[in-house]
Amino acid sequence: MTQLFGEKNKTGLTRDLIEALFPMFEEASAGAIVVDCDARITWINNSYSQLLGVKDPASAIGRPVRQVIPGTRMPEVVETGNPLLLDIMEHQQQQLVVTRLPFYDEGGQIEGAVAFVLYDDLQPLTPLVSKYRRLHQDLAAARKALAKKERSTRYSLGDFIGASPGALEVKRRARLAAGREMSVLLLGETGTGKEVLAQAIHAVSRRAEKPFVGVNVAAIPDNLLEAEFFGVAPGAFTGADRKHREGKFQLANGGTLFLDEVGDMPLPLQAKLLRALQEGEVEPLGSNKVASVDVRIIAATSRNLEAMIADGTFRSDLYYRLNVLEIPIPPLRERLADIGLLCETLLWEISEGLDMRAEITDAGVAALASYDWPGNIRELRNVLERALTMSEEGGVLDADAMFKVLPRAGVRPALRVSSRPIRPLAETLAEAEAQAVEEALVASRGNRTKAARLLGISRSVLYEKLAKMS
């Protein structure tokens, strides 16, 4: 039996071996590309060119690969010689699952690299992702049981669902925040997952073994907030407990204090909070003694703090103290590409409680994408719960099931076809076909695999029709 790697090349794949395997990989992939040792494109096939929006493949030959694919890691593969067997690459609001392999000459020197697009969307990986999430949910359930006995977190960064560019940027900043001790300010509308993200940051920080204490400022009356934050000394006022009552700062000592809806905090308390953060000590209500505390602050708000500073309802010095690292969380309407992943996770959680199997069709996801989601992910969960309650199809949610429970005020009207003079049938059919392709791409948020599925055609046929339209 001949050896795959002889004495002349023990480093990796040779060009001859790559060329032998190439036809099989190209046929099974959604695109293929080759670069030389300087990371310049030497070959690209038609399907990858269409996927990238490059009309003429020949125009890409000789160009640095990052000029054509800004998010590629091909130069890294060429420089290090390390293959990237499975990676998710963002390109023009699409998630491409790719594999990248270096290849070598007979002397063992890197000659270039080849990449294949295994999938041009994440849908084919759903079974694998689902299995991972089920295991993750089991782990989360165990953590929740332990959290009942002590102040701990229930969520990790994996619970912030999304693969859109906006969601990935949020996770990137969250990982940055977790590795440092700075204060964090989470900005986002109600229902976007601010508390999930706050707990996730704590869970992977060096304070993970210490308490995580959350306070919803908007839910506590103003006259009780000071006692809630700093504690109460024995006999501080009539009816007060004779024992010392610890505040949230003392409870969170060594860990993280999460201030939810910090924009609702009254001005007098803002000054006391600022002093506690600056000095690292608190003075319980009715006491003349101060206690040292070591807490990491993560604050969140759905309000515009800069506008509140302008009208004098929020202190600028406290704002700058809290906003060392800002993480804006985009609303759901700005990351509609994540709706499919969110539905899968939420339906799994909901159906577990209902002891039933729940699924949503591609048309159902497209229907959800037509809504503006003022309540964001919290509202999405509510809509899915109501749809399952009213479903008569055994837990399979389609577009009709979604439109029955979606508020009509937030649904964008469908495109209407205006009346036109009679024209040749071939011209009319060609225009209708082009419109159908365009509407399918809109409904699938540019995902061509899903668009082909909605149209009932293969992906290769869709590429042919797109080529004719361009």
# chains A, B, ... in the order shown; residues from 1 in each chain; ligands from 1
>>> residues_around(residues="Ala363 in chain A", least_positions_apart="3", cutoff="10 Å", atoms="only C-alpha atoms", output="PyMOL selection string")
chain A and resi 360+366-369+397-400+402+443-444+450+454
>>> select_by_dssp(residues="range 104-313 of chain A", states="strand (DSSP E)", output="ChimeraX atom specification")
/A:104,110-119,184-187,212-216,256-260,281-282,291-292,296-301
>>> atom_distance(atom1="CA of Arg378 in chain A", atom2="CA of Arg207 in chain A")
28.2 Å
>>> residues_around(residues="Gly340 in chain A", least_positions_apart="5", cutoff="12 Å", atoms="only C-alpha atoms", output="mmCIF file with N, CA and C atoms, in the first residue's frame")
data_model
loop_
_atom_site.group_PDB
_atom_site.id
_atom_site.type_symbol
_atom_site.label_atom_id
_atom_site.label_comp_id
_atom_site.auth_asym_id
_atom_site.auth_seq_id
_atom_site.Cartn_x
_atom_site.Cartn_y
_atom_site.Cartn_z
ATOM 1 N N ASP A 121 -25.855 28.131 4.577
ATOM 2 C CA ASP A 121 -26.696 28.532 5.698
ATOM 3 C C ASP A 121 -26.530 27.478 6.780
ATOM 4 N N LEU A 122 -27.041 27.753 7.968
ATOM 5 C CA LEU A 122 -26.855 26.863 9.115
ATOM 6 C C LEU A 122 -27.942 25.803 9.230
ATOM 7 N N GLN A 123 -28.931 25.826 8.322
ATOM 8 C CA GLN A 123 -30.067 24.911 8.441
ATOM 9 C C GLN A 123 -29.642 23.436 8.420
ATOM 10 N N THR A 126 -28.847 21.841 11.737
ATOM 11 C CA THR A 126 -29.854 21.900 12.790
ATOM 12 C C THR A 126 -29.846 20.675 13.701
ATOM 13 N N ILE A 161 -28.878 33.625 22.118
ATOM 14 C CA ILE A 161 -28.979 32.931 20.834
ATOM 15 C C ILE A 161 -28.850 33.916 19.676
ATOM 16 N N GLY A 162 -28.059 33.540 18.678
ATOM 17 C CA GLY A 162 -27.968 34.354 17.471
ATOM 18 C C GLY A 162 -26.654 34.144 16.755
ATOM 19 N N ALA A 163 -26.715 34.185 15.424
ATOM 20 C CA ALA A 163 -25.510 34.092 14.593
ATOM 21 C C ALA A 163 -25.427 35.249 13.616
ATOM 22 N N SER A 164 -26.312 36.239 13.744
ATOM 23 C CA SER A 164 -26.273 37.409 12.872
ATOM 24 C C SER A 164 -25.079 38.278 13.260
ATOM 25 N N LEU A 332 -34.769 42.884 18.085
ATOM 26 C CA LEU A 332 -35.007 41.717 17.237
ATOM 27 C C LEU A 332 -35.277 42.101 15.791
ATOM 28 N N ARG A 335 -32.185 42.084 13.731
ATOM 29 C CA ARG A 335 -31.476 40.814 13.532
ATOM 30 C C ARG A 335 -32.480 39.691 13.267
ATOM 31 N N THR A 345 -34.937 27.250 19.789
ATOM 32 C CA THR A 345 -34.619 27.173 21.214
ATOM 33 C C THR A 345 -35.853 27.395 22.077
ATOM 34 N N LEU A 346 -36.630 28.433 21.751
ATOM 35 C CA LEU A 346 -37.808 28.755 22.557
ATOM 36 C C LEU A 346 -38.860 27.655 22.480
ATOM 37 N N LEU A 347 -39.065 27.099 21.288
ATOM 38 C CA LEU A 347 -40.053 26.028 21.142
ATOM 39 C C LEU A 347 -39.639 24.793 21.928
ATOM 40 N N GLU A 359 -42.694 22.296 16.327
ATOM 41 C CA GLU A 359 -41.837 22.671 15.207
ATOM 42 C C GLU A 359 -42.432 23.885 14.515
ATOM 43 N N ILE A 360 -41.595 24.568 13.758
ATOM 44 C CA ILE A 360 -42.065 25.700 12.965
ATOM 45 C C ILE A 360 -41.524 25.548 11.552
ATOM 46 N N THR A 361 -42.352 25.801 10.563
ATOM 47 C CA THR A 361 -41.943 25.668 9.165
ATOM 48 C C THR A 361 -41.193 26.912 8.712
ATOM 49 N N ASP A 362 -40.533 26.802 7.549
ATOM 50 C CA ASP A 362 -39.837 27.965 6.984
ATOM 51 C C ASP A 362 -40.818 29.101 6.704
ATOM 52 N N ALA A 363 -42.029 28.744 6.251
ATOM 53 C CA ALA A 363 -43.040 29.775 5.994
ATOM 54 C C ALA A 363 -43.447 30.450 7.296
ATOM 55 N N GLY A 364 -43.492 29.679 8.391
ATOM 56 C CA GLY A 364 -43.812 30.265 9.687
ATOM 57 C C GLY A 364 -42.756 31.249 10.139
ATOM 58 N N VAL A 365 -41.482 30.898 9.921
ATOM 59 C CA VAL A 365 -40.394 31.814 10.266
ATOM 60 C C VAL A 365 -40.462 33.077 9.414
ATOM 61 N N ALA A 366 -40.776 32.911 8.109
ATOM 62 C CA ALA A 366 -40.902 34.079 7.222
ATOM 63 C C ALA A 366 -42.038 34.986 7.680
ATOM 64 N N ALA A 367 -43.122 34.389 8.181
ATOM 65 C CA ALA A 367 -44.238 35.202 8.691
ATOM 66 C C ALA A 367 -43.803 36.002 9.908
ATOM 67 N N LEU A 368 -43.026 35.388 10.793
ATOM 68 C CA LEU A 368 -42.536 36.102 11.977
ATOM 69 C C LEU A 368 -41.600 37.245 11.588
ATOM 70 N N ALA A 369 -40.861 37.062 10.482
ATOM 71 C CA ALA A 369 -39.931 38.101 10.038
ATOM 72 C C ALA A 369 -40.645 39.318 9.465
ATOM 73 N N LEU A 380 -41.558 37.440 21.337
ATOM 74 C CA LEU A 380 -41.480 36.269 20.456
ATOM 75 C C LEU A 380 -41.874 35.011 21.218
ATOM 76 N N SER A 444 -36.583 34.863 2.930
ATOM 77 C CA SER A 444 -35.539 34.056 3.574
ATOM 78 C C SER A 444 -34.372 34.906 4.038
ATOM 79 N N ARG A 445 -34.526 36.227 4.001
ATOM 80 C CA ARG A 445 -33.483 37.160 4.440
ATOM 81 C C ARG A 445 -32.176 36.940 3.686
ATOM 82 N N ASN A 447 -31.062 34.197 2.326
ATOM 83 C CA ASN A 447 -30.503 32.840 2.410
ATOM 84 C C ASN A 447 -30.956 32.057 1.183
ATOM 85 N N LYS A 450 -32.645 28.481 1.599
ATOM 86 C CA LYS A 450 -34.038 28.566 2.038
ATOM 87 C C LYS A 450 -34.929 29.117 0.923
#
>>> closest_residue(among="A:Ala337, A:Ala198, A:Leu176, A:Cys37", to="Gln109 in chain A", atoms="only C-alpha atoms")
A:Cys37
>>> atom_distance(atom1="CA of Glu439 in chain A", atom2="CA of Pro374 in chain A")
24.3 Å
>>> closest_residue(among="A:Asn382, A:Tyr119, A:Ala167, A:Glu279", to="Asp338 in chain A", atoms="only C-alpha atoms")
A:Ala167
>>> residues_around(residues="range 179-196 of chain A", least_positions_apart="5", cutoff="6 Å", atoms="only C-alpha atoms", output="list in words")
Tyr155, Ser205, Ile297, Ile298, Ala299, Ala300, Thr301, Ser302, Leu322, Asn323, Val324, Leu325, Glu326, Ile327, Pro328, Ile329, Gly375, Asn376, Ile377 and Arg378 of chain A
>>> write_last_selection(atoms="all heavy atoms", output="compact mmCIF listing (two decimals), in the first residue's frame")
# COMPACT_ATOMS: atom_id res chain seq x y z
N TYR A 155 -27.68 31.49 33.48
CA TYR A 155 -27.43 31.61 32.05
C TYR A 155 -25.94 31.71 31.75
O TYR A 155 -25.16 32.22 32.56
CB TYR A 155 -28.13 32.85 31.48
CG TYR A 155 -29.62 32.88 31.72
CD1 TYR A 155 -30.18 33.78 32.63
CD2 TYR A 155 -30.46 32.01 31.05
CE1 TYR A 155 -31.55 33.80 32.86
CE2 TYR A 155 -31.83 32.03 31.27
CZ TYR A 155 -32.37 32.93 32.18
OH TYR A 155 -33.72 32.94 32.40
N SER A 205 -16.39 35.17 34.12
CA SER A 205 -15.41 36.09 34.68
C SER A 205 -14.69 35.42 35.84
O SER A 205 -15.04 34.32 36.28
CB SER A 205 -16.10 37.37 35.17
OG SER A 205 -16.87 37.10 36.33
N ILE A 297 -19.77 46.08 38.86
CA ILE A 297 -21.09 46.59 38.47
C ILE A 297 -21.35 46.30 36.99
O ILE A 297 -20.54 46.60 36.12
CB ILE A 297 -21.21 48.11 38.73
CG1 ILE A 297 -21.08 48.41 40.21
CG2 ILE A 297 -22.55 48.63 38.20
CD1 ILE A 297 -22.21 47.88 41.07
N ILE A 298 -22.50 45.69 36.74
CA ILE A 298 -23.05 45.60 35.38
C ILE A 298 -24.41 46.28 35.43
O ILE A 298 -25.30 45.85 36.18
CB ILE A 298 -23.19 44.14 34.92
CG1 ILE A 298 -21.85 43.43 34.90
CG2 ILE A 298 -23.82 44.10 33.52
CD1 ILE A 298 -21.92 41.97 34.48
N ALA A 299 -24.56 47.35 34.69
CA ALA A 299 -25.81 48.10 34.68
C ALA A 299 -26.51 47.91 33.33
O ALA A 299 -25.87 47.62 32.32
CB ALA A 299 -25.56 49.59 34.93
N ALA A 300 -27.81 48.07 33.34
CA ALA A 300 -28.60 47.92 32.11
C ALA A 300 -29.73 48.93 32.11
O ALA A 300 -30.26 49.29 33.18
CB ALA A 300 -29.15 46.50 32.00
N THR A 301 -30.10 49.37 30.93
CA THR A 301 -31.23 50.29 30.82
C THR A 301 -31.82 50.23 29.42
O THR A 301 -31.12 49.91 28.45
CB THR A 301 -30.79 51.74 31.13
OG1 THR A 301 -31.93 52.60 31.07
CG2 THR A 301 -29.75 52.23 30.13
N SER A 302 -33.11 50.52 29.34
CA SER A 302 -33.77 50.65 28.05
C SER A 302 -34.02 52.12 27.71
O SER A 302 -34.64 52.42 26.70
CB SER A 302 -35.12 49.90 28.09
OG SER A 302 -35.94 50.40 29.13
N LEU A 322 -20.31 54.22 35.10
CA LEU A 322 -20.94 52.96 34.70
C LEU A 322 -20.57 52.53 33.29
O LEU A 322 -20.45 51.35 33.00
CB LEU A 322 -22.47 53.08 34.80
CG LEU A 322 -23.07 53.33 36.19
CD1 LEU A 322 -24.58 53.54 36.07
CD2 LEU A 322 -22.78 52.16 37.13
N ASN A 323 -20.38 53.51 32.42
CA ASN A 323 -20.20 53.23 30.99
C ASN A 323 -18.73 53.17 30.62
O ASN A 323 -18.25 53.92 29.78
CB ASN A 323 -20.92 54.29 30.16
CG ASN A 323 -20.97 53.93 28.69
OD1 ASN A 323 -20.75 52.78 28.33
ND2 ASN A 323 -21.26 54.89 27.84
N VAL A 324 -17.99 52.22 31.22
CA VAL A 324 -16.61 52.00 30.83
C VAL A 324 -16.57 51.15 29.56
O VAL A 324 -15.84 51.44 28.62
CB VAL A 324 -15.82 51.33 31.96
CG1 VAL A 324 -14.37 51.08 31.53
CG2 VAL A 324 -15.86 52.19 33.22
N LEU A 325 -17.38 50.10 29.55
CA LEU A 325 -17.55 49.30 28.33
C LEU A 325 -19.04 49.23 28.02
O LEU A 325 -19.83 48.72 28.82
CB LEU A 325 -17.00 47.89 28.52
CG LEU A 325 -17.23 46.93 27.34
CD1 LEU A 325 -16.57 47.46 26.08
CD2 LEU A 325 -16.71 45.53 27.66
N GLU A 326 -19.41 49.76 26.88
CA GLU A 326 -20.82 49.80 26.47
C GLU A 326 -21.12 48.65 25.51
O GLU A 326 -20.36 48.39 24.58
CB GLU A 326 -21.12 51.14 25.81
CG GLU A 326 -22.55 51.30 25.32
CD GLU A 326 -22.78 52.68 24.69
OE1 GLU A 326 -22.76 53.66 25.45
OE2 GLU A 326 -22.93 52.75 23.46
N ILE A 327 -22.22 47.94 25.78
CA ILE A 327 -22.64 46.85 24.89
C ILE A 327 -24.07 47.13 24.42
O ILE A 327 -25.02 46.87 25.15
CB ILE A 327 -22.57 45.48 25.59
CG1 ILE A 327 -21.17 45.22 26.16
CG2 ILE A 327 -22.96 44.36 24.63
CD1 ILE A 327 -21.03 43.88 26.83
N PRO A 328 -24.23 47.70 23.22
CA PRO A 328 -25.59 47.89 22.69
C PRO A 328 -26.13 46.54 22.20
O PRO A 328 -25.47 45.83 21.46
CB PRO A 328 -25.38 48.87 21.53
CG PRO A 328 -23.95 49.30 21.60
CD PRO A 328 -23.21 48.24 22.33
N ILE A 329 -27.33 46.21 22.61
CA ILE A 329 -27.97 44.96 22.19
C ILE A 329 -29.02 45.32 21.14
O ILE A 329 -30.00 46.00 21.46
CB ILE A 329 -28.62 44.23 23.37
CG1 ILE A 329 -27.59 44.02 24.48
CG2 ILE A 329 -29.21 42.90 22.94
CD1 ILE A 329 -28.17 43.38 25.73
N GLY A 375 -41.69 44.12 21.47
CA GLY A 375 -41.36 43.45 22.73
C GLY A 375 -40.19 42.51 22.62
O GLY A 375 -39.83 41.83 23.60
N ASN A 376 -39.58 42.43 21.43
CA ASN A 376 -38.37 41.66 21.18
C ASN A 376 -38.52 40.18 21.55
O ASN A 376 -39.55 39.59 21.30
CB ASN A 376 -37.19 42.33 21.91
CG ASN A 376 -36.89 43.69 21.32
OD1 ASN A 376 -36.44 43.80 20.20
ND2 ASN A 376 -37.20 44.74 22.08
N ILE A 377 -37.46 39.57 22.12
CA ILE A 377 -37.45 38.12 22.32
C ILE A 377 -38.52 37.70 23.33
O ILE A 377 -39.11 36.63 23.21
CB ILE A 377 -36.05 37.67 22.77
CG1 ILE A 377 -35.04 38.02 21.68
CG2 ILE A 377 -36.01 36.16 23.03
CD1 ILE A 377 -33.60 37.84 22.08
N ARG A 378 -38.78 38.54 24.31
CA ARG A 378 -39.84 38.22 25.28
C ARG A 378 -41.19 38.13 24.57
O ARG A 378 -42.00 37.24 24.85
CB ARG A 378 -39.89 39.29 26.38
CG ARG A 378 -40.86 38.95 27.50
CD ARG A 378 -40.86 40.02 28.57
NE ARG A 378 -39.61 40.05 29.29
CZ ARG A 378 -38.78 41.11 29.33
NH1 ARG A 378 -39.08 42.19 28.64
NH2 ARG A 378 -37.68 41.07 30.02
>>> residues_around(residues="Tyr319 in chain A", least_positions_apart="3", cutoff="10 Å", atoms="only C-alpha atoms", output="number ranges by chain")
A: 185, 262-263, 270, 274, 305-306, 309, 314-316, 322-324
>>> write_last_selection(atoms="N, CA, C and O atoms", output="compact mmCIF listing (two decimals), in the first residue's frame")
# COMPACT_ATOMS: atom_id res chain seq x y z
N LEU A 185 -22.06 48.65 30.76
CA LEU A 185 -23.40 49.21 30.58
C LEU A 185 -24.06 48.53 29.39
O LEU A 185 -23.58 48.62 28.26
N VAL A 262 -31.27 50.94 35.39
CA VAL A 262 -30.59 51.94 36.22
C VAL A 262 -31.05 53.35 35.88
O VAL A 262 -30.93 54.27 36.69
N GLY A 263 -31.62 53.54 34.70
CA GLY A 263 -32.12 54.87 34.33
C GLY A 263 -33.31 55.32 35.14
O GLY A 263 -33.66 56.50 35.12
N GLN A 270 -28.58 58.37 43.15
CA GLN A 270 -27.49 58.33 42.19
C GLN A 270 -26.19 58.85 42.82
O GLN A 270 -25.11 58.29 42.59
N LEU A 274 -22.81 56.64 43.37
CA LEU A 274 -21.54 57.08 42.81
C LEU A 274 -20.44 57.04 43.88
O LEU A 274 -19.33 56.57 43.62
N LEU A 305 -29.80 57.38 28.27
CA LEU A 305 -29.17 58.08 29.39
C LEU A 305 -28.55 59.41 28.98
O LEU A 305 -28.53 60.35 29.77
N GLU A 306 -28.04 59.49 27.75
CA GLU A 306 -27.45 60.76 27.30
C GLU A 306 -28.51 61.85 27.23
O GLU A 306 -28.24 63.00 27.58
N ILE A 309 -29.21 62.89 30.77
CA ILE A 309 -28.17 63.80 31.27
C ILE A 309 -28.43 65.22 30.81
O ILE A 309 -28.29 66.18 31.56
N PHE A 314 -30.31 62.48 35.04
CA PHE A 314 -29.30 61.46 35.31
C PHE A 314 -27.94 62.13 35.39
O PHE A 314 -27.60 62.98 34.56
N ARG A 315 -27.17 61.75 36.39
CA ARG A 315 -25.88 62.39 36.65
C ARG A 315 -24.85 61.95 35.60
O ARG A 315 -24.69 60.75 35.34
N SER A 316 -24.15 62.93 35.04
CA SER A 316 -23.14 62.60 34.04
C SER A 316 -21.97 61.86 34.65
O SER A 316 -21.40 60.94 34.02
N LEU A 322 -20.31 54.22 35.10
CA LEU A 322 -20.94 52.96 34.70
C LEU A 322 -20.57 52.53 33.29
O LEU A 322 -20.45 51.35 33.00
N ASN A 323 -20.38 53.51 32.42
CA ASN A 323 -20.20 53.23 30.99
C ASN A 323 -18.73 53.17 30.62
O ASN A 323 -18.25 53.92 29.78
N VAL A 324 -17.99 52.22 31.22
CA VAL A 324 -16.61 52.00 30.83
C VAL A 324 -16.57 51.15 29.56
O VAL A 324 -15.84 51.44 28.62
>>> residues_around(residues="Val293 in chain A", least_positions_apart="3", cutoff="8 Å", atoms="only C-alpha atoms", output="short mmCIF file (atom, residue, chain, number, x, y, z; two decimals) with all heavy atoms, in the first residue's frame")
data_model
loop_
_atom_site.label_atom_id
_atom_site.label_comp_id
_atom_site.auth_asym_id
_atom_site.auth_seq_id
_atom_site.Cartn_x
_atom_site.Cartn_y
_atom_site.Cartn_z
N PHE A 249 -25.31 45.45 48.10
CA PHE A 249 -23.87 45.60 47.96
C PHE A 249 -23.13 44.58 48.82
O PHE A 249 -22.17 43.95 48.38
CB PHE A 249 -23.44 47.03 48.34
CG PHE A 249 -23.34 47.97 47.18
CD1 PHE A 249 -24.44 48.71 46.78
CD2 PHE A 249 -22.15 48.11 46.48
CE1 PHE A 249 -24.36 49.57 45.70
CE2 PHE A 249 -22.06 48.98 45.41
CZ PHE A 249 -23.17 49.71 45.02
N GLN A 250 -23.59 44.43 50.09
CA GLN A 250 -22.94 43.46 50.97
C GLN A 250 -23.16 42.04 50.50
O GLN A 250 -22.25 41.19 50.57
CB GLN A 250 -23.46 43.62 52.41
CG GLN A 250 -23.08 44.94 53.06
CD GLN A 250 -24.18 45.99 52.97
OE1 GLN A 250 -24.82 46.11 51.93
NE2 GLN A 250 -24.39 46.73 54.04
N ASN A 253 -20.78 41.15 47.70
CA ASN A 253 -19.36 41.39 47.98
C ASN A 253 -18.49 40.28 47.40
O ASN A 253 -18.70 39.09 47.65
CB ASN A 253 -19.16 41.49 49.49
CG ASN A 253 -17.77 42.01 49.84
OD1 ASN A 253 -17.16 42.74 49.05
ND2 ASN A 253 -17.27 41.65 51.01
N GLY A 254 -17.51 40.68 46.60
CA GLY A 254 -16.63 39.73 45.94
C GLY A 254 -17.13 39.29 44.58
O GLY A 254 -16.39 38.69 43.80
N GLY A 280 -15.56 52.38 47.26
CA GLY A 280 -15.56 50.96 47.58
C GLY A 280 -16.05 50.67 48.97
O GLY A 280 -15.62 49.69 49.60
N GLU A 281 -16.99 51.49 49.48
CA GLU A 281 -17.54 51.28 50.80
C GLU A 281 -18.97 51.80 50.86
O GLU A 281 -19.36 52.68 50.09
CB GLU A 281 -16.69 51.97 51.87
CG GLU A 281 -16.52 53.46 51.65
CD GLU A 281 -15.56 54.10 52.64
OE1 GLU A 281 -14.66 53.38 53.13
OE2 GLU A 281 -15.69 55.30 52.91
N VAL A 282 -19.77 51.21 51.75
CA VAL A 282 -21.17 51.60 51.90
C VAL A 282 -21.45 51.88 53.37
O VAL A 282 -20.78 51.34 54.27
CB VAL A 282 -22.12 50.50 51.39
CG1 VAL A 282 -21.95 50.29 49.90
CG2 VAL A 282 -21.91 49.20 52.14
#
>>> closest_residue(among="A:Pro284, A:Leu157, A:Leu455, A:Tyr463", to="Arg173 in chain A", atoms="only C-alpha atoms")
A:Leu157
